[in-house]
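Asker: Data file protein_27.txt (compact mmCIF, C-alpha atoms and all ligand atoms) is appended below.
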```txt
# COMPACT_ATOMS: atom_id res chain seq x y z
CA MET A 15 149.09 98.94 128.43
CA ARG A 16 151.23 96.20 129.88
CA LEU A 17 154.79 97.33 130.45
CA SER A 18 155.98 93.76 129.86
CA LYS A 19 154.56 93.86 126.34
CA THR A 20 155.89 97.20 125.16
CA PHE A 21 159.25 97.48 123.46
CA VAL A 22 159.94 100.75 125.24
CA LYS A 23 162.35 100.70 128.13
CA THR A 24 163.10 103.43 130.61
CA LEU A 25 166.70 104.55 130.48
CA ARG A 26 168.99 105.39 133.33
CA GLU A 27 170.63 108.12 131.31
CA ALA A 28 169.64 110.48 128.55
CA PRO A 29 171.74 110.82 125.38
CA LYS A 30 174.92 112.81 126.07
CA ASP A 31 173.98 115.61 123.70
CA GLU A 32 170.53 116.02 125.24
CA THR A 33 171.02 119.03 127.46
CA ALA A 34 167.39 120.16 127.69
CA ARG A 35 165.46 118.86 130.66
CA ASN A 36 162.30 118.10 128.68
CA GLY A 37 164.26 116.07 126.12
CA ALA A 38 166.29 114.23 128.77
CA LEU A 39 163.23 113.30 130.83
CA LEU A 40 161.05 112.34 127.88
CA VAL A 41 163.81 110.16 126.41
CA ARG A 42 164.59 108.49 129.75
CA ALA A 43 160.92 107.86 130.55
CA GLY A 44 160.40 106.32 127.09
CA TYR A 45 158.06 108.93 125.60
CA VAL A 46 160.34 109.93 122.74
CA HIS A 47 163.51 108.78 121.04
CA LYS A 48 166.10 111.22 119.80
CA GLU A 49 166.93 110.71 116.15
CA MET A 50 169.28 113.72 115.89
CA ALA A 51 169.37 117.33 117.05
CA GLY A 52 165.87 118.76 116.69
CA VAL A 53 164.43 115.51 115.36
CA TYR A 54 162.53 113.10 117.59
CA ASP A 55 160.49 109.93 117.25
CA TYR A 56 157.33 109.62 119.30
CA LEU A 57 156.96 106.30 121.13
CA PRO A 58 153.70 104.80 122.46
CA LEU A 59 153.63 106.90 125.65
CA GLY A 60 154.58 110.08 123.81
CA MET A 61 152.02 109.41 121.09
CA ARG A 62 149.28 109.25 123.70
CA VAL A 63 150.31 112.63 125.10
CA ILE A 64 150.33 114.14 121.62
CA GLU A 65 146.92 112.61 120.88
CA LYS A 66 145.49 113.93 124.14
CA ILE A 67 146.76 117.44 123.44
CA LYS A 68 145.42 117.22 119.88
CA ASN A 69 142.03 116.09 121.11
CA ILE A 70 141.75 118.97 123.56
CA ILE A 71 142.62 121.43 120.78
CA ARG A 72 140.29 119.64 118.36
CA GLU A 73 137.35 119.77 120.77
CA GLU A 74 137.80 123.48 121.45
CA LEU A 75 138.20 124.37 117.77
CA ASN A 76 135.31 122.23 116.58
CA LYS A 77 133.18 123.97 119.22
CA ILE A 78 133.71 127.30 117.41
CA GLY A 79 132.91 125.83 114.02
CA CYS A 80 136.35 124.91 112.67
CA GLN A 81 136.80 122.09 110.15
CA GLU A 82 139.78 119.75 110.18
CA VAL A 83 141.83 118.93 107.10
CA LEU A 84 145.30 117.63 106.32
CA LEU A 85 147.32 119.37 103.66
CA SER A 86 150.39 117.99 101.97
CA THR A 87 153.86 118.51 103.33
CA LEU A 88 155.55 118.53 99.92
CA GLN A 89 155.18 122.01 98.53
CA ASN A 90 154.92 123.28 95.03
CA PRO A 91 157.01 126.50 94.90
CA GLU A 92 154.42 128.33 92.77
CA PRO A 93 152.12 129.85 95.42
CA TRP A 94 155.13 130.69 97.59
CA GLU A 95 156.75 132.48 94.66
CA LYS A 96 153.65 134.67 94.34
CA THR A 97 154.14 135.94 97.89
CA GLY A 98 157.92 136.06 97.53
CA ARG A 99 158.44 133.57 100.33
CA PHE A 100 160.06 130.67 98.50
CA ASP A 101 163.46 132.34 98.56
CA ASP A 102 162.78 134.64 101.46
CA GLN A 103 165.52 134.43 104.06
CA GLU A 104 163.15 136.03 106.56
CA VAL A 105 161.03 132.89 106.55
CA ASP A 106 162.19 130.15 108.87
CA ILE A 107 164.67 128.44 106.64
CA TRP A 108 163.29 125.93 104.16
CA PHE A 109 164.25 122.35 103.63
CA LYS A 110 164.05 121.81 99.89
CA THR A 111 164.32 118.75 97.76
CA GLU A 112 164.66 117.92 94.09
CA LEU A 113 162.08 116.15 92.01
CA ALA A 114 163.40 113.11 90.14
CA SER A 115 161.66 114.45 87.03
CA GLY A 116 163.28 117.86 87.45
CA GLY A 117 162.38 120.92 89.46
CA ILE A 118 162.40 121.71 93.11
CA LEU A 119 159.92 121.11 95.94
CA GLY A 120 159.80 122.47 99.48
CA LEU A 121 158.98 120.74 102.74
CA ALA A 122 156.37 122.98 104.32
CA PRO A 123 157.60 125.23 107.13
CA THR A 124 154.02 126.61 107.46
CA HIS A 125 150.89 126.58 105.28
CA GLU A 126 149.51 130.06 104.62
CA GLU A 127 150.20 129.91 100.89
CA PRO A 128 148.99 126.36 100.17
CA MET A 129 145.88 126.85 102.33
CA THR A 130 144.99 130.13 100.63
CA ASN A 131 145.66 128.57 97.25
CA LEU A 132 143.58 125.48 98.08
CA LEU A 133 140.56 127.54 99.06
CA LYS A 134 140.53 129.33 95.71
CA THR A 135 138.91 126.12 94.46
CA TYR A 136 136.13 126.25 97.04
CA ILE A 137 135.41 129.90 97.87
CA SER A 138 133.55 131.77 95.18
CA SER A 139 130.62 133.59 96.77
CA TYR A 140 129.94 135.51 99.99
CA LYS A 141 127.72 132.54 100.79
CA ASP A 142 130.85 130.39 101.21
CA LEU A 143 132.11 132.62 104.04
CA PRO A 144 133.07 132.72 106.84
CA LEU A 145 135.15 129.57 106.86
CA TYR A 146 137.58 128.21 109.46
CA VAL A 147 139.95 125.42 108.48
CA TYR A 148 142.69 123.78 110.54
CA GLN A 149 145.08 120.87 110.60
CA PHE A 150 147.65 119.10 112.70
CA GLN A 151 150.65 118.95 110.46
CA THR A 152 154.33 118.18 110.57
CA LYS A 153 156.34 121.27 109.68
CA PHE A 154 159.96 121.29 108.64
CA ARG A 155 162.27 124.15 109.51
CA ASN A 156 166.00 124.24 109.16
CA GLU A 157 166.41 125.87 112.57
CA LEU A 158 169.94 127.07 113.23
CA ARG A 159 169.93 126.00 116.86
CA ALA A 160 167.94 123.00 117.97
CA LYS A 161 169.17 122.40 121.48
CA SER A 162 165.99 122.72 123.45
CA GLY A 163 164.67 119.17 123.21
CA ILE A 164 161.22 119.06 121.64
CA LEU A 165 160.75 122.78 122.34
CA ARG A 166 162.48 123.54 119.05
CA GLY A 167 162.39 120.87 116.41
CA ARG A 168 163.64 120.84 112.85
CA GLU A 169 160.58 118.69 112.32
CA PHE A 170 157.66 119.40 114.64
CA LEU A 171 153.92 119.14 114.99
CA MET A 172 151.88 122.31 114.63
CA LYS A 173 148.19 123.00 114.73
CA ASP A 174 147.49 125.70 112.19
CA LEU A 175 144.10 127.26 111.75
CA TYR A 176 143.17 129.72 109.00
CA SER A 177 140.03 131.82 108.90
CA PHE A 178 138.35 133.45 105.89
CA HIS A 179 135.91 136.35 106.09
CA THR A 180 134.02 138.94 104.10
CA SER A 181 134.78 141.82 106.48
CA GLU A 182 137.23 143.08 109.02
CA GLU A 183 134.51 143.08 111.71
CA ASP A 184 133.85 139.43 111.09
CA LEU A 185 137.59 138.66 111.32
CA ASP A 186 137.79 140.65 114.58
CA LYS A 187 134.84 138.75 116.00
CA PHE A 188 136.32 135.35 115.17
CA TYR A 189 139.74 136.42 116.46
CA GLU A 190 138.12 136.96 119.84
CA GLU A 191 136.49 133.53 119.66
CA VAL A 192 139.90 131.99 119.04
CA GLU A 193 141.35 133.91 122.00
CA LYS A 194 138.73 132.35 124.23
CA ALA A 195 139.29 128.89 122.74
CA TYR A 196 143.05 129.27 123.31
CA ASP A 197 142.47 130.23 126.94
CA ARG A 198 140.42 127.06 127.38
CA ILE A 199 143.03 124.93 125.61
CA TYR A 200 145.95 126.16 127.74
CA ALA A 201 143.87 125.79 130.90
CA ARG A 202 142.89 122.24 129.99
CA VAL A 203 146.49 121.12 129.38
CA GLY A 204 147.44 122.50 132.79
CA LEU A 205 149.19 125.70 131.72
CA GLY A 206 146.37 128.17 132.38
CA ASP A 207 148.02 130.00 135.25
CA CYS A 208 151.37 130.51 133.54
CA THR A 209 150.39 131.19 129.92
CA PHE A 210 149.62 134.74 128.83
CA LYS A 211 148.34 136.47 125.75
CA THR A 212 151.24 138.69 124.78
CA PHE A 213 151.37 141.66 122.44
CA ALA A 214 153.73 141.07 119.55
CA SER A 215 154.40 142.94 116.34
CA GLY A 216 151.75 142.57 113.70
CA GLY A 217 153.56 143.16 110.45
CA ILE A 218 152.14 145.36 107.71
CA PHE A 219 148.45 144.64 107.99
CA SER A 220 147.78 144.80 111.67
CA LYS A 221 149.47 146.82 114.37
CA TYR A 222 149.81 143.91 116.78
CA SER A 223 149.57 140.19 116.70
CA HIS A 224 149.40 138.08 119.83
CA GLU A 225 151.61 135.33 121.09
CA TYR A 226 150.72 132.91 123.82
CA GLN A 227 153.74 132.77 126.09
CA THR A 228 154.26 130.30 128.92
CA ILE A 229 156.57 131.54 131.63
CA LEU A 230 159.46 129.09 131.69
CA PRO A 231 163.07 129.42 132.93
CA VAL A 232 164.46 127.76 129.78
CA GLY A 233 162.10 129.62 127.41
CA GLU A 234 163.88 131.26 124.49
CA ASP A 235 161.76 134.42 124.53
CA THR A 236 161.75 137.41 126.86
CA ILE A 237 158.46 138.94 127.92
CA TYR A 238 157.42 141.85 130.14
CA TYR A 239 154.36 141.73 132.36
CA ASN A 240 152.57 144.11 134.71
CA SER A 241 151.61 143.27 138.30
CA ASP A 242 148.43 141.33 137.53
CA LYS A 243 149.75 140.04 134.19
CA SER A 244 146.84 141.64 132.37
CA LEU A 245 149.27 143.38 130.04
CA VAL A 246 152.15 141.40 128.57
CA PHE A 247 154.55 142.46 125.81
CA ASN A 248 157.23 140.57 123.99
CA LYS A 249 160.68 142.09 123.59
CA GLU A 250 160.00 143.30 120.07
CA VAL A 251 157.22 145.69 121.06
CA PHE A 252 158.39 146.63 124.55
CA ASN A 253 159.47 150.15 123.63
CA ASP A 254 158.65 153.73 124.57
CA GLU A 255 156.24 154.27 121.71
CA VAL A 256 154.11 151.23 122.55
CA LEU A 257 154.21 151.88 126.30
CA LYS A 258 153.01 155.42 125.65
CA GLU A 259 150.16 154.11 123.52
CA PHE A 260 149.02 151.87 126.37
CA GLY A 261 149.53 154.65 128.94
CA VAL A 262 151.96 152.62 131.04
CA SER A 263 155.59 152.98 131.99
CA LYS A 264 158.57 150.64 131.97
CA GLU A 265 158.81 150.55 135.76
CA ASP A 266 155.44 148.81 136.02
CA PHE A 267 156.82 145.75 134.23
CA GLU A 268 158.86 142.75 135.17
CA GLU A 269 161.00 140.77 132.77
CA THR A 270 160.96 137.00 132.49
CA THR A 271 161.78 134.22 130.05
CA ALA A 272 158.98 132.36 128.31
CA ALA A 273 158.23 129.82 125.59
CA GLU A 274 155.88 130.74 122.76
CA VAL A 275 153.24 128.02 122.67
CA GLY A 276 150.97 129.66 120.14
CA ASN A 277 150.21 132.81 118.21
CA ILE A 278 147.38 134.50 116.40
CA PHE A 279 147.53 136.96 113.51
CA LYS A 280 145.13 139.13 111.61
CA LEU A 281 146.51 138.66 108.13
CA LYS A 282 143.82 140.62 106.32
CA PHE A 283 144.93 140.58 102.65
CA LYS A 284 148.55 139.55 103.18
CA TYR A 285 148.11 136.22 101.36
CA SER A 286 144.68 136.49 99.76
CA GLU A 287 145.72 139.52 97.68
CA PRO A 288 148.90 138.14 96.06
CA LEU A 289 147.30 134.70 95.62
CA GLY A 290 144.04 136.13 94.28
CA LEU A 291 141.62 134.60 96.80
CA ARG A 292 138.41 136.47 96.00
CA TYR A 293 134.67 136.07 96.37
CA ILE A 294 131.65 137.63 94.71
CA ASP A 295 129.71 139.88 97.09
CA GLU A 296 125.97 140.50 97.28
CA GLU A 297 126.24 143.18 94.59
CA ASN A 298 127.99 140.72 92.31
CA LYS A 299 131.34 142.48 92.72
CA PRO A 300 134.63 140.64 93.26
CA GLN A 301 136.18 141.24 96.70
CA THR A 302 139.35 140.05 98.38
CA VAL A 303 138.92 137.61 101.28
CA TYR A 304 139.99 138.72 104.77
CA MET A 305 142.17 136.17 106.55
CA GLY A 306 143.48 135.30 109.98
CA CYS A 307 145.88 132.56 111.07
CA TYR A 308 146.28 130.89 114.41
CA GLY A 309 149.08 128.49 115.40
CA ILE A 310 149.80 126.23 118.33
CA GLY A 311 153.05 124.31 118.64
CA VAL A 312 151.67 120.93 119.65
CA SER A 313 154.99 119.15 120.19
CA ARG A 314 156.46 122.25 121.82
CA LEU A 315 153.47 122.32 124.15
CA MET A 316 154.29 118.75 125.20
CA GLY A 317 157.88 119.86 125.87
CA VAL A 318 156.72 122.84 127.93
CA ILE A 319 154.44 120.56 129.96
CA ALA A 320 157.38 118.19 130.56
CA GLU A 321 159.56 121.12 131.68
CA LYS A 322 156.90 122.53 133.98
CA PHE A 323 155.62 119.35 135.54
CA ALA A 324 158.70 117.47 136.69
CA ASP A 325 160.89 117.06 139.76
CA ASP A 326 164.18 115.33 140.52
CA LYS A 327 162.51 111.92 140.25
CA GLY A 328 161.00 112.45 136.82
CA LEU A 329 157.90 113.66 135.06
CA CYS A 330 154.74 114.60 136.91
CA LEU A 331 152.12 115.06 134.22
CA PRO A 332 148.65 116.60 134.60
CA GLU A 333 145.86 114.08 134.20
CA SER A 334 144.45 115.77 131.09
CA VAL A 335 147.55 114.95 129.04
CA ALA A 336 149.14 112.01 130.89
CA PRO A 337 149.24 108.88 128.71
CA TYR A 338 147.49 106.90 131.44
CA LYS A 339 145.98 107.87 134.76
CA ILE A 340 147.40 105.10 136.94
CA CYS A 341 150.55 103.04 137.13
CA LEU A 342 149.59 99.71 138.69
CA VAL A 343 152.03 97.50 140.57
CA GLY A 344 151.24 94.10 142.11
CA ILE A 345 153.55 92.71 144.78
CA GLY A 346 153.69 89.03 145.66
CA GLU A 347 151.62 86.25 144.13
CA ASN A 348 148.25 87.45 145.45
CA GLY A 349 149.03 91.07 144.74
CA VAL A 350 149.91 90.30 141.12
CA LYS A 351 146.74 88.21 140.71
CA LYS A 352 144.55 90.98 142.07
CA ALA A 353 146.38 93.55 139.93
CA GLU A 354 145.59 91.45 136.84
CA GLU A 355 141.92 91.59 137.82
CA ILE A 356 142.01 95.36 138.32
CA TYR A 357 143.74 95.82 134.97
CA GLN A 358 141.18 93.82 132.98
CA GLY A 359 138.96 96.14 130.96
CA ASN A 360 140.87 99.26 132.00
CA GLU A 361 143.62 99.13 129.41
CA GLU A 362 143.07 102.78 128.44
CA THR A 363 143.45 104.11 131.98
CA ILE A 364 146.03 101.85 133.56
CA LEU A 365 149.68 101.31 132.75
CA PHE A 366 150.23 97.89 134.29
CA ASP A 367 153.79 97.27 135.41
CA ASP A 368 153.69 93.48 135.13
CA ARG A 369 157.41 93.19 134.40
CA ASP A 370 159.52 90.70 136.25
CA LYS A 371 161.35 93.33 138.26
CA ARG A 372 161.86 94.30 141.89
CA PRO A 373 159.21 96.63 143.41
CA GLY A 374 161.87 99.28 144.05
CA GLU A 375 162.72 99.43 140.39
CA LYS A 376 159.06 99.61 139.42
CA PHE A 377 158.48 102.45 141.88
CA ALA A 378 161.41 104.42 140.50
CA ASP A 379 160.15 103.91 136.94
CA SER A 380 156.62 104.93 137.91
CA GLU A 381 158.03 108.17 139.27
CA LEU A 382 160.09 108.73 136.14
CA ILE A 383 157.09 108.10 133.85
CA GLY A 384 155.08 110.46 136.02
CA LEU A 385 151.44 109.37 135.75
CA PRO A 386 149.08 111.11 138.19
CA PHE A 387 148.70 108.03 140.46
CA ARG A 388 150.49 104.87 141.44
CA VAL A 389 148.44 101.99 142.82
CA VAL A 390 150.06 99.12 144.71
CA VAL A 391 148.35 95.83 145.61
CA SER A 392 150.17 93.48 147.97
CA ASP A 393 149.45 90.90 150.67
CA LYS A 394 149.62 93.74 153.14
CA THR A 395 146.99 95.87 151.40
CA LEU A 396 144.84 92.81 150.62
CA ASP A 397 144.72 91.99 154.34
CA GLU A 398 142.88 95.28 154.73
CA ASP A 399 140.80 94.69 151.60
CA ALA A 400 142.41 97.76 150.10
CA VAL A 401 145.01 99.13 147.70
CA GLU A 402 147.62 101.78 148.31
CA ILE A 403 147.38 104.86 146.14
CA THR A 404 150.09 107.49 145.83
CA GLU A 405 149.59 110.83 144.19
CA ARG A 406 152.64 111.61 142.05
CA LYS A 407 152.39 115.37 142.54
CA THR A 408 152.29 115.42 146.34
CA GLY A 409 153.80 112.02 147.11
CA GLU A 410 150.86 111.48 149.46
CA THR A 411 149.96 107.83 150.03
CA ARG A 412 146.70 106.45 151.39
CA LYS A 413 144.75 103.22 151.52
CA ILE A 414 141.53 103.08 149.55
CA SER A 415 138.89 100.41 148.99
CA PHE A 416 138.48 98.58 145.67
CA GLU A 417 135.26 100.46 145.23
CA GLU A 418 136.97 103.81 145.52
CA LEU A 419 139.67 102.63 143.15
CA SER A 420 136.99 101.78 140.56
CA ARG A 421 135.60 105.27 140.95
CA ILE A 422 139.04 106.78 140.32
CA VAL A 423 139.70 104.47 137.37
CA GLU A 424 136.37 105.31 135.80
CA GLY A 425 136.71 109.01 136.59
CA ARG A 426 133.46 109.16 138.54
P1 LIG B 501 159.62 130.87 117.29
O1 LIG B 501 159.72 132.34 117.49
O2 LIG B 501 159.64 130.10 118.56
O3 LIG B 501 160.59 130.36 116.26
P2 LIG B 501 157.66 131.23 115.26
O4 LIG B 501 157.30 132.64 115.41
O5 LIG B 501 158.62 130.83 114.20
O6 LIG B 501 158.17 130.62 116.67
P3 LIG B 501 155.22 130.26 114.02
O7 LIG B 501 155.86 130.16 112.70
O8 LIG B 501 154.20 131.28 114.17
O9 LIG B 501 156.33 130.35 115.16
O10 LIG B 501 154.63 128.83 114.46
C1 LIG B 501 153.47 128.66 115.28
C2 LIG B 501 153.82 127.93 116.56
O11 LIG B 501 154.60 126.76 116.29
C3 LIG B 501 154.69 128.74 117.51
O12 LIG B 501 153.91 129.55 118.32
C4 LIG B 501 155.41 127.67 118.31
O13 LIG B 501 154.61 127.26 119.40
C5 LIG B 501 155.53 126.53 117.34
N1 LIG B 501 156.89 126.43 116.77
C6 LIG B 501 157.52 127.29 115.93
N2 LIG B 501 158.73 126.84 115.59
C7 LIG B 501 158.88 125.65 116.23
C8 LIG B 501 159.92 124.68 116.26
N3 LIG B 501 161.05 124.85 115.55
N4 LIG B 501 159.74 123.56 117.03
C9 LIG B 501 158.59 123.38 117.71
N5 LIG B 501 157.58 124.26 117.72
C10 LIG B 501 157.71 125.38 116.98
MG MG B 502 160.67 130.55 114.26
```
Can you turn what I pasted into structure tokens?

Answerer:
Amino acid sequence: MRLSKTFVKTLREAPKDETARNGALLVRAGYVHKEMAGVYDYLPLGMRVIEKIKNIIREELNKIGCQEVLLSTLQNPEPWEKTGRFDDQEVDIWFKTELASGGILGLAPTHEEPMTNLLKTYISSYKDLPLYVYQFQTKFRNELRAKSGILRGREFLMKDLYSFHTSEEDLDKFYEEVEKAYDRIYARVGLGDCTFKTFASGGIFSKYSHEYQTILPVGEDTIYYNSDKSLVFNKEVFNDEVLKEFGVSKEDFEETTAAEVGNIFKLKFKYSEPLGLRYIDEENKPQTVYMGCYGIGVSRLMGVIAEKFADDKGLCLPESVAPYKICLVGIGENGVKKAEEIYQGNEETILFDDRDKRPGEKFADSELIGLPFRVVVSDKTLDEDAVEITERKTGETRKISFEELSRIVEGR
């Protein structure tokens, strides 16, 4: 992308009401625009981050046999009334709207009911199971406090996966597959060493569920971890009874704040029973479908990455999710000409700062935008038949040949 051609501009200051670091940095660097508290627009750079995160998740879920769909956001109250969740104050608070022709609709805060209801049309026999269906979907929640930038939106992007099985063993088996897929996803987005599977309460049908918590100073959750972080509990389940069950004691644990970037639940019959999702087994008898559900907060994940990978100069994104790999700056007539040449054909890898601005300003912006590398071509580097490459993370600068630059650009 050519910076001269995009409408997005970096900003010296974040909006006054943007107190969260992720929001402030992402707004200033031109990744997102703040519409109002908890509501953000995603700009070209931000879109690319979201798409990269989605693709990583998509690849890992498709690998374990999941199928992608997109359900509606407007919700018919009917299935939610069957589970008692349309007026349930326990549910993250609904946004609701009126139909012009009369009646009320909801804006989906989650999709257990509509997904279960949808699959009644398609699941009839044991031969239709197991089945794993997911989507990337905008959820609406009337969150009381939305002061954490894109970590807590009133409108946000979630990946929600639902699994359908004929037995508890099969659900357990798939649950473990998802655990492994989640580990790969968090590792690939750069959060592998600070994200932990955490015991959380499971509700009526399962003793525990699991959250994926990323250790983060501004995280809204509190978690407790043992010395090698092999055992992590959220606040809800960190009590004497649970500790006794695991044969551990309070003193072995440290407390820290964290952000929940995902969670997984064994739902069993929680939704399939009230909504009547059944199949015919091998003996021709009707049976209730076992279910699991598995969420990842995609936009929150982007916010967590922005919080984690930043310094006083700006963002410092991992390559796997950065919108581009390289920010390219040409200095002087020859430098600019050579930069044009380098840019040609590499529009997906290079963010070309071809704006009519001073080098100092371009350097500051490249640090704010936080791509993994900055490459500078100038008379000085051309004299040595080289370019200057700076790693954003370490600030380390070195001269490399055009050949080596091609290797880096092409990821060889
Ligand atoms: P939280 O405790 O943070 O409110 P939750 O328990 O309500 O989360 P779920 O309903 O299970 O979350 O949603 C699945 C995932 O969606 C969460 O793990 C989180 O990563 C993300 N998420 C939930 N609420 C929000 C929000 N308001 N903004 C952005 N992401 C969210
Ligand atoms: Mg919530």

Asker: Please return as a PDB file with C-alpha atoms, in the frame of the given file the residues found within 10 Å of ligand MG 502 (chain B), counting all atoms listed in the file.

Answerer:
```pdb
ATOM      1  CA  GLU A 104     163.150 136.030 106.560  1.00  0.00           C
ATOM      2  CA  VAL A 105     161.030 132.890 106.550  1.00  0.00           C
ATOM      3  CA  ASP A 106     162.190 130.150 108.870  1.00  0.00           C
ATOM      4  CA  ILE A 107     164.670 128.440 106.640  1.00  0.00           C
ATOM      5  CA  PRO A 123     157.600 125.230 107.130  1.00  0.00           C
ATOM      6  CA  ARG A 155     162.270 124.150 109.510  1.00  0.00           C
ATOM      7  CA  ASN A 156     166.000 124.240 109.160  1.00  0.00           C
ATOM      8  CA  GLU A 157     166.410 125.870 112.570  1.00  0.00           C
ATOM      9  CA  LEU A 158     169.940 127.070 113.230  1.00  0.00           C
ATOM     10  CA  ARG A 166     162.480 123.540 119.050  1.00  0.00           C
ATOM     11  CA  GLU A 274     155.880 130.740 122.760  1.00  0.00           C
TER      12      GLU A 274
END
```

Asker: Produce as a list of chain:residue names the set of residues near ligand LIG 501 (chain B), where near means within 6 Å with all atoms listed in the file considered.

Answerer: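 What falls inside 6 Å of ligand LIG 501 (chain B) is A:Leu165, A:Arg166, A:Gly167, A:Arg168, A:Phe170, A:Met172, A:Glu274, A:Val275, A:Gly276, A:Asn277, A:Gly309, A:Ile310, A:Gly311, A:Arg314.
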
Asker: Give as a ChimeraX atom specification each residue that has an atom at most 12 Å from (133.6, 137.9, 92.6) in the file, counting all atoms listed in the file.

Answerer: /A:134,137-142,180,290-303

Asker: Could you save the residues just selected, with C-alpha atoms, as a PDB file, keeping the file's coordinate frame?

Answerer:
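Contents of selection-v2.pdb, freshly written:
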```
ATOM      1  CA  LYS A 134     140.530 129.330  95.710  1.00  0.00           C
ATOM      2  CA  ILE A 137     135.410 129.900  97.870  1.00  0.00           C
ATOM      3  CA  SER A 138     133.550 131.770  95.180  1.00  0.00           C
ATOM      4  CA  SER A 139     130.620 133.590  96.770  1.00  0.00           C
ATOM      5  CA  TYR A 140     129.940 135.510  99.990  1.00  0.00           C
ATOM      6  CA  LYS A 141     127.720 132.540 100.790  1.00  0.00           C
ATOM      7  CA  ASP A 142     130.850 130.390 101.210  1.00  0.00           C
ATOM      8  CA  THR A 180     134.020 138.940 104.100  1.00  0.00           C
ATOM      9  CA  GLY A 290     144.040 136.130  94.280  1.00  0.00           C
ATOM     10  CA  LEU A 291     141.620 134.600  96.800  1.00  0.00           C
ATOM     11  CA  ARG A 292     138.410 136.470  96.000  1.00  0.00           C
ATOM     12  CA  TYR A 293     134.670 136.070  96.370  1.00  0.00           C
ATOM     13  CA  ILE A 294     131.650 137.630  94.710  1.00  0.00           C
ATOM     14  CA  ASP A 295     129.710 139.880  97.090  1.00  0.00           C
ATOM     15  CA  GLU A 296     125.970 140.500  97.280  1.00  0.00           C
ATOM     16  CA  GLU A 297     126.240 143.180  94.590  1.00  0.00           C
ATOM     17  CA  ASN A 298     127.990 140.720  92.310  1.00  0.00           C
ATOM     18  CA  LYS A 299     131.340 142.480  92.720  1.00  0.00           C
ATOM     19  CA  PRO A 300     134.630 140.640  93.260  1.00  0.00           C
ATOM     20  CA  GLN A 301     136.180 141.240  96.700  1.00  0.00           C
ATOM     21  CA  THR A 302     139.350 140.050  98.380  1.00  0.00           C
ATOM     22  CA  VAL A 303     138.920 137.610 101.280  1.00  0.00           C
TER      23      VAL A 303
END
```

Asker: Find the residue from A:Thr236, A:Thr124, A:Ser380, A:Ser223 that sits nearest to Leu365 of chain A; use all atoms listed in the file when measuring.

Answerer: A:Ser380

Asker: Counting only C-alpha atoms, which of A:Gly384, A:Gly206, A:Gly117, A:Gly349 gets nearest to Leu329 of chain A?

Answerer: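 Between A:Gly384, A:Gly206, A:Gly117, A:Gly349, the residue approaching Leu329 of chain A most closely is A:Gly384.
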
Asker: Would you list the contacts of Gly233 of chain A as a ChimeraX atom specification, taking every protein, DNA or RNA residue within 10 Å and counting all atoms listed in the file, but skipping same-chain residues closer than 5 positions in sequence?

Answerer: /A:162,165,227-228,270-274,318,321

Asker: Tell me, as a list in words, which residues lie within 8 Å of Pro332 of chain A, counting all atoms listed in the file; anything in the same chain fewer than 3 positions away does not count.

Answerer: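 Answer for this query is Val203, Gly204, Phe323, Val335, Ala336, Leu385 and Pro386 of chain A.
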
Asker: What is the distance between atom CA of Arg16 of chain A and atom CA of Ser415 of chain A, in Å to one decimal?

Answerer: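 Distance between the two atoms: 23.1 Å.
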
Asker: Show which residues sit within 12 Å of Val63 of chain A, as an NGL selection string. Count all atoms listed in the file, and ignore same-chain residues fewer than 6 positions away.

Answerer: :A and (40 or 45-46 or 56-57 or 69-70 or 203 or 312-317 or 319-320 or 331-339 or 383 or 385)

Asker: List every protein, DNA or RNA residue that has at least one atom no more than 10 Å from (140.8, 140.6, 105.7) in the file's coordinates, counting only C-alpha atoms, and write the result as a ChimeraX atom specification.

Answerer: /A:177-186,219,280-287,302-306

Asker: For Glu410 of chain A, please output as a PDB file with C-alpha atoms, in the coordinates of the input all residues within 12 Å (counting all atoms listed in the file; exclusion window: fewer than 5 positions along the same chain).

Answerer:
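Below is the file that was written, selection-v8.pdb:
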```
ATOM      1  CA  PRO A 386     149.080 111.110 138.190  1.00  0.00           C
ATOM      2  CA  PHE A 387     148.700 108.030 140.460  1.00  0.00           C
ATOM      3  CA  ARG A 388     150.490 104.870 141.440  1.00  0.00           C
ATOM      4  CA  VAL A 389     148.440 101.990 142.820  1.00  0.00           C
ATOM      5  CA  GLU A 402     147.620 101.780 148.310  1.00  0.00           C
ATOM      6  CA  ILE A 403     147.380 104.860 146.140  1.00  0.00           C
ATOM      7  CA  THR A 404     150.090 107.490 145.830  1.00  0.00           C
ATOM      8  CA  GLU A 405     149.590 110.830 144.190  1.00  0.00           C
TER       9      GLU A 405
END
```

Asker: Compare A:Ser18, A:Asn131, A:Ser86, A:Thr24 by their minimum atom-to-atom distance to Glu381 of chain A, counting only C-alpha atoms, and give me the closest one.

Answerer: A:Thr24

Asker: Rank nothing, just name the residue among A:Cys208, A:Ile64, A:Ile414, A:Val22 nearest to Asp399 of chain A, using only C-alpha atoms.

Answerer: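 For Asp399 of chain A, the nearest of the given residues is A:Ile414.
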
Asker: Return as AutoDock Vina command-line options the box centre and box size in Å, one decimal, for an axis-aligned box around all listed atoms of segment 281-289 of chain A padded by 5 Å per side.

Answerer:
```
--center_x 146.4 --center_y 137.7 --center_z 101.9 --size_x 15.1 --size_y 15.9 --size_z 22.5
```
